[in-house]
Amino acid sequence: MNLFDSLKAILTIAYKEFVHVWRDRRVLLLILVLPPFFTLVFGHAFEGSNVRDVSTMFLDADNSPESQKFAEFLHGKNVLDALVEGSDNPDKVRKDISDLLQNLKDTFIWKKWVGDAKGTIDLVQNGADAAIVIPEGWGKSLQDGTPINMRAVLDGSDTNTAPAVQALLQQALGIFQLNERYELIKNLPEQVVDLGEQLSPQTQHEFSSSLTPWEFDTQILYNPKLLFVDYVVPGMVGLILQLVTVTLIASTITREREVGTLSQLLVTPLRQSEIVVGKVLPYLFISMFLIAGTIAIGHIHFGIKIHQPLLLSLVCFLFLLCSLGLGLLISAFSKTQTQAIQFSVFLLLPIMLLSGAFAPLSQLPGSIRIFSELFPLTHFCRAFRSVNMYRADFGFIAADLIALAVGAVITCIGAAYLLRTADD
Amino acid sequence: MPKPLIVLTDLAKKFGHKAAVDKISMSIGQGEVFGFLGANGAGKTTTIRMLCGLTKPTAGRASIDGLDVWRDRFRIRSKFGYVSQRFSLYADLTVRENLRFFAGAYRQDHINEKVDRMVKEMDLEPYRDSRAGKLSGGYKQLLSMACALIHEPALLFLDEPTAGLDPVHRQQIWDFLYQVTQSGTTIFVTTHYMDEAERCTDVGFVQHGRLVAKGSPRQLKQALGGDLLEVHVEPPMPAVLELRKFPGISAVDLRSGRLRIHAADPQALVDQWQQYWPFPGLKFLGYSWVEPDMEDVFNAYAQGRHSPNQVQAALK
Ligand SMILES: Nc1ncnc2c1ncn2[C@@H]1O[C@H](COP(=O)(O)OP(=O)(O)O)[C@@H](O)[C@H]1O
Ligand SMILES: [Mg+2]
């Protein structure tokens with residue numbers, strides 16, 4: 001039996017699976033309507049509108065050259081020359097930067113700092129809506145390759161302000177980081193650029209530091225659950241697709257087991273691996289289509305920018321493959337469809353809460369974070385955001401991609417193994 | 001006996017502590033139409049599923065054409081067809097789509113021609129584009145057989161193919177099975193319709209997982225020990241109940257208005273009754289001797305009136 005025969009067998013199953021979905025009009029409607037619908041609804045739920053005149057206390061506890069530069073930037077001074085020079089489209093970048101600076105100026109009304117840098121910050125008592133602290137040692141930490149987070153304290157009781165400010169700060173920091181990277185590259189001697197391996201350890205650290213997202217530790221007082229749309233859309237898309245893929249495929253094998261067609265399938269010379277691949281293929285096709293659609297909605301409707309579409313496609317592809325593998329595994333070891341759905345729900349619950357789809361993983365305790373690494377959505381969110389928000393390259397997200405690929409292979413092999421008998 | 005195709009050696013399957021199949025040993029020859037008979041829960045389906053490699057035997061072994069049904073299950077899959085007890089095709093696929101799917105799964109070439117030919121042979125032409133789930137019971141069964149035969153196997157397993165069907169469709173299915181055997185295909189069919197057992201060339205009775213008898217219908221009938229006494233008594237219904245209580249009678253069945261008597265010494269009964277009829281409320285109108293049919297055989301085994309030893313002795 002050669003590869004061509006196998007391929008024909010796989011296509012035979014894939015076609016049949018596709019017909020199942022296609023003929024089940026209710027499911028079809030559900031998967032075509034719900035993802036875009038949820039994206040719109042959730043997106044708006046987390047969207048912050050433009051806010052103005054947020055009275056903000058500011059403290060630069062670091063007082064390093066880096067912190068001073070960032071402080072100036074926050075206060076509305078253009079310090080991003082390297083970014084403009086390094087870009088392919090300087091005019092556009094210049095325009096974006098001036099928009100951002102204008103936005104910063106409109107948003108913040110700067111107030112004098114009251115109190116100390118480390119302890120609790122009481123906004124109400126000081127008549128402020130927000131407080132921003134550049135912690136001591138920030139500038140140095142960037143050079144060491146272990147960037148520490150900035151600190152922002154926001155008043156969450158106003159549901160619009162906090163997320164908008166949070167988003168703006170994150171955006172400003174992201175742009176600033178990008179600029180620093182260009183600056184670093186610009187200041188490298190020509191020959192060093194070519195001979196990357198010979199960089200001094202110090203410079204290598206700086207490089208990796210500029211790749212590790214510099215972040216704010218944001219503490220939202222009074223209503224800590226607020227989030228912002230740029231951060232949240234990838235998480236949302238991932239979560240919806242996670243739900244759709246797992247529940248869609250979770251009942252495929254169990255349905256056949258219940259109806260009795262599995263026995264009929266297993267007396268044919270089809271190999272278990274062919275059955276698994278044949279079943280995954282059509283769902284992979286459908287869910288790739290869905291994820292592209294929902295991201296497009298995020299792009300068109302919420303203005304989410306898409307960077308490196310090819311790399312993002314790879315992230316999506318591996319994520320969906322791994323999720324489908326997971327669903328198929330559930331399907332293979334469940335005895336009934338009801339059981340399969342129950343397993344999926346119990347699996348999706350922790351995924352929803354612990355994968356960092358909505359809240360940054362750093363807020364979770366370390367012991368729980370180990371669990372998070374088991375979920376495909378965790379890797380998807382991290383990889384997608386790294387690429388899209390921080391323009392990370394393949395190497396930087398390789399670990400997540402490998403985790404997803406390994407997950408896909410293990411779950412599919414597991415499902416194939418469980419198909420060896422039709423015993424119920 | 002023709003060359004054995006299927007050989008079972010102490011084949012057994014336990015579910016927990018319950019033995020569904022209890023050390024069955026037998027062999028089935030090439031080209032036979034083997035009827036596997038037994039009441040519900042006797043272990044017919046479990047045996048077939050072991051032979052098809054769908055479930056692992058707990059003990060013992062079985063082989064098809066020399067290949068072990070479990071160890072070599074991937075190698076023998078293309079050699080046989082299997083029609084399961086429940087309708088197990090894809091209800092949302094059409095007749096032709098189902099056939100095409102199984103043709104593909106069995107790695108057939110010239111799929112379209114094969115499917116068209118099968119549709120014609122099975123009288124499925126008018127329904128070829130109907131969803132399989134919408135077919136009536138008889139056509140569903142025909143389609144199941146068509147799917148199991150699409151790769152022209154040398155052996156076909158059918159698990160109660162006629163259960164719940166009307167006589168017309170039952171006839172149609174048996175006619176088709178005869179047609180299949182013409183090309184030398186061996187058939188392993190389970191049923192609990194006794195008239196169908198008569199159509200088999202070889203029959204096995206299974207009870208509580210044990211094989212209690214095996215042989216051709218003729219041999220099994222002979223093993224019952226000669227002709228049965230049939231008496232004509234009016235009114236028949238109360239007569240059945242009364243006669244069952246009569247000493248020396250082990251069973252009474254009502255057949256077309258006559259009472260079929262199973263007894264150790266029926267001749268003695270007739271002699272006795274001709275002198276003195278002990279039932280004042282019933283009228284004795286005559287008697288005759290009839291050849292036992294498979295239903296009698298089945299009833300005899302089902303009611304435990306025949307021990308396997310007796311049968312073995314009678315068969316010798
Ligand atoms: N999957 C199973 N789990 C537990 N018991 C089973 C299973 N399948 C069959 N049995 C039991 O094994 C016995 C034989 O069943 P089966 O082979 O289906 O009988 P038949 O086909 O002759 O009606 C029955 O008592 C049934 O309850
Ligand atoms: Mg059965």
# chains A, B, ... in the order shown; residues from 1 in each chain; ligands from 1
call {"tool": "residues_near_ligand", "arguments": {"ligand": "ligand 1", "cutoff": "9 Å", "atoms": "only C-alpha atoms and all ligand atoms", "output": "PyMOL selection string"}}
result
(chain A and resi 423-424) or (chain B and resi 13-16+18-21+37-49+85+159-160+190-191+206-209)
call {"tool": "interface_residues", "arguments": {"of": "chain B", "to": "chain A", "cutoff": "9 Å", "atoms": "only C-alpha atoms", "output": "ChimeraX atom specification"}}
result
/B:49,52-56,73-78,80-84,86-90,92-93,97-98,100-102,104-107,148
call {"tool": "atom_distance", "arguments": {"atom1": "CA of Ile249 in chain A", "atom2": "CA of Ser331 in chain A"}}
result
7.3 Å
call {"tool": "atom_distance", "arguments": {"atom1": "CA of Leu259 in chain B", "atom2": "CA of Gln303 in chain B"}}
result
17.3 Å
call {"tool": "select_by_dssp", "arguments": {"residues": "range 23-125 of chain A", "states": "strand (DSSP E)", "output": "PyMOL selection string"}}
result
chain A and resi 54-60+108-111
call {"tool": "write_last_selection", "arguments": {"atoms": "all heavy atoms", "output": "mmCIF file, in the first residue's frame"}}
result
data_model
loop_
_atom_site.group_PDB
_atom_site.id
_atom_site.type_symbol
_atom_site.label_atom_id
_atom_site.label_comp_id
_atom_site.auth_asym_id
_atom_site.auth_seq_id
_atom_site.Cartn_x
_atom_site.Cartn_y
_atom_site.Cartn_z
ATOM 1 N N VAL A 54 -7.308 63.099 31.975
ATOM 2 C CA VAL A 54 -7.195 62.211 33.123
ATOM 3 C C VAL A 54 -6.113 62.772 34.036
ATOM 4 O O VAL A 54 -4.955 62.894 33.634
ATOM 5 C CB VAL A 54 -6.793 60.795 32.678
ATOM 6 C CG1 VAL A 54 -6.655 59.885 33.878
ATOM 7 C CG2 VAL A 54 -7.792 60.261 31.688
ATOM 8 N N SER A 55 -6.491 63.096 35.225
ATOM 9 C CA SER A 55 -5.489 63.713 36.089
ATOM 10 C C SER A 55 -4.581 62.616 36.640
ATOM 11 O O SER A 55 -5.029 61.668 37.272
ATOM 12 C CB SER A 55 -6.201 64.525 37.158
ATOM 13 O OG SER A 55 -5.985 64.005 38.406
ATOM 14 N N THR A 56 -3.296 62.743 36.336
ATOM 15 C CA THR A 56 -2.363 61.643 36.528
ATOM 16 C C THR A 56 -1.124 62.083 37.306
ATOM 17 O O THR A 56 -0.488 63.087 36.957
ATOM 18 C CB THR A 56 -1.899 61.105 35.162
ATOM 19 O OG1 THR A 56 -3.041 60.797 34.378
ATOM 20 C CG2 THR A 56 -1.036 59.881 35.313
ATOM 21 N N MET A 57 -0.794 61.303 38.332
ATOM 22 C CA MET A 57 0.437 61.568 39.077
ATOM 23 C C MET A 57 1.563 60.785 38.418
ATOM 24 O O MET A 57 1.372 59.647 37.995
ATOM 25 C CB MET A 57 0.282 61.106 40.521
ATOM 26 C CG MET A 57 -0.861 61.770 41.249
ATOM 27 S SD MET A 57 -0.789 61.443 43.003
ATOM 28 C CE MET A 57 -1.101 59.719 43.067
ATOM 29 N N PHE A 58 2.755 61.390 38.355
ATOM 30 C CA PHE A 58 3.857 60.712 37.681
ATOM 31 C C PHE A 58 5.105 60.752 38.550
ATOM 32 O O PHE A 58 5.416 61.765 39.170
ATOM 33 C CB PHE A 58 4.133 61.398 36.333
ATOM 34 C CG PHE A 58 5.256 60.758 35.580
ATOM 35 C CD1 PHE A 58 5.042 59.583 34.875
ATOM 36 C CD2 PHE A 58 6.541 61.302 35.611
ATOM 37 C CE1 PHE A 58 6.087 58.975 34.194
ATOM 38 C CE2 PHE A 58 7.578 60.692 34.936
ATOM 39 C CZ PHE A 58 7.351 59.521 34.216
ATOM 40 N N LEU A 59 5.785 59.596 38.616
ATOM 41 C CA LEU A 59 7.036 59.569 39.371
ATOM 42 C C LEU A 59 8.079 58.799 38.581
ATOM 43 O O LEU A 59 7.850 57.661 38.162
ATOM 44 C CB LEU A 59 6.811 58.872 40.723
ATOM 45 C CG LEU A 59 8.081 58.663 41.563
ATOM 46 C CD1 LEU A 59 8.658 59.996 42.022
ATOM 47 C CD2 LEU A 59 7.813 57.755 42.740
ATOM 48 N N ASP A 60 9.236 59.420 38.383
ATOM 49 C CA ASP A 60 10.358 58.720 37.770
ATOM 50 C C ASP A 60 11.329 58.360 38.886
ATOM 51 O O ASP A 60 12.205 59.136 39.241
ATOM 52 C CB ASP A 60 11.033 59.616 36.719
ATOM 53 C CG ASP A 60 12.217 58.909 36.075
ATOM 54 O OD1 ASP A 60 12.478 57.740 36.436
ATOM 55 O OD2 ASP A 60 12.866 59.524 35.210
ATOM 56 N N PHE A 108 -3.730 63.034 29.207
ATOM 57 C CA PHE A 108 -3.206 63.226 30.565
ATOM 58 C C PHE A 108 -3.145 64.687 30.996
ATOM 59 O O PHE A 108 -2.778 65.556 30.216
ATOM 60 C CB PHE A 108 -1.792 62.635 30.669
ATOM 61 C CG PHE A 108 -1.775 61.141 30.477
ATOM 62 C CD1 PHE A 108 -1.216 60.582 29.336
ATOM 63 C CD2 PHE A 108 -2.331 60.309 31.433
ATOM 64 C CE1 PHE A 108 -1.199 59.210 29.155
ATOM 65 C CE2 PHE A 108 -2.314 58.929 31.264
ATOM 66 C CZ PHE A 108 -1.748 58.384 30.127
ATOM 67 N N ILE A 109 -3.541 64.905 32.222
ATOM 68 C CA ILE A 109 -3.196 66.166 32.889
ATOM 69 C C ILE A 109 -2.258 65.778 34.014
ATOM 70 O O ILE A 109 -2.620 64.991 34.893
ATOM 71 C CB ILE A 109 -4.445 66.853 33.476
ATOM 72 C CG1 ILE A 109 -5.397 67.236 32.341
ATOM 73 C CG2 ILE A 109 -4.047 68.061 34.299
ATOM 74 C CD1 ILE A 109 -6.666 67.870 32.832
ATOM 75 N N TRP A 110 -1.017 66.244 33.920
ATOM 76 C CA TRP A 110 0.004 65.737 34.850
ATOM 77 C C TRP A 110 -0.083 66.443 36.191
ATOM 78 O O TRP A 110 -0.256 67.647 36.276
ATOM 79 C CB TRP A 110 1.401 65.889 34.242
ATOM 80 C CG TRP A 110 1.498 65.095 32.964
ATOM 81 C CD1 TRP A 110 1.470 65.578 31.698
ATOM 82 C CD2 TRP A 110 1.593 63.686 32.872
ATOM 83 N NE1 TRP A 110 1.533 64.564 30.792
ATOM 84 C CE2 TRP A 110 1.616 63.363 31.493
ATOM 85 C CE3 TRP A 110 1.661 62.640 33.795
ATOM 86 C CZ2 TRP A 110 1.705 62.075 31.027
ATOM 87 C CZ3 TRP A 110 1.760 61.363 33.326
ATOM 88 C CH2 TRP A 110 1.773 61.074 31.946
ATOM 89 N N LYS A 111 0.031 65.686 37.234
ATOM 90 C CA LYS A 111 -0.025 66.219 38.608
ATOM 91 C C LYS A 111 1.261 65.906 39.339
ATOM 92 O O LYS A 111 1.958 64.968 39.005
ATOM 93 C CB LYS A 111 -1.181 65.542 39.371
ATOM 94 C CG LYS A 111 -2.527 66.169 39.159
ATOM 95 C CD LYS A 111 -3.552 65.431 40.004
ATOM 96 C CE LYS A 111 -3.256 65.615 41.475
ATOM 97 N NZ LYS A 111 -4.371 66.211 42.197
#
call {"tool": "residues_around", "arguments": {"residues": "range 137-146 of chain B", "least_positions_apart": "5", "cutoff": "8 Å", "atoms": "only C-alpha atoms", "output": "list in words"}}
result
Val83, Phe87, Ser88, Leu89, Val95, Leu99, Met118, Val119, Met122, Leu124, Ala132, Pro161, Thr162, Leu165, Asp166, His169, Arg170 and Ile173 of chain B
call {"tool": "residues_around", "arguments": {"residues": "Ile31 in chain A", "least_positions_apart": "4", "cutoff": "8 Å", "atoms": "only C-alpha atoms", "output": "PyMOL selection string"}}
result
chain A and resi 27+35+244
call {"tool": "closest_residue", "arguments": {"among": "A:Leu123, A:Leu83, A:Leu173, A:Val237", "to": "Leu40 in chain A", "atoms": "only C-alpha atoms"}}
result
A:Val237
call {"tool": "select_by_dssp", "arguments": {"residues": "range 14-157 of chain A", "states": "helix (DSSP H, G or I)", "output": "number ranges by chain"}}
result
A: 14-23, 25-46, 65-74, 81-86, 90-107, 138-144
call {"tool": "atom_distance", "arguments": {"atom1": "CA of Ile351 in chain A", "atom2": "CA of Phe375 in chain A"}}
result
6.3 Å
call {"tool": "residues_around", "arguments": {"residues": "Trp138 in chain A", "least_positions_apart": "5", "cutoff": "12 Å", "atoms": "only C-alpha atoms", "output": "VMD selection string"}}
result
chain A and resid 60 to 68 70 133 143 to 151 209 214 to 216
call {"tool": "residues_around", "arguments": {"residues": "Met194 in chain B", "least_positions_apart": "4", "cutoff": "12 Å", "atoms": "only C-alpha atoms", "output": "list in words"}}
result
Gly35, Phe36, Leu37, Gly38, Ala39, Thr162, Ala163, Thr190, Glu198, Arg199, Cys200, Val203, Phe205, Pro217, Pro292, Asp293, Met294, Glu295, Asp296, Val297, Phe298 and Asn299 of chain B
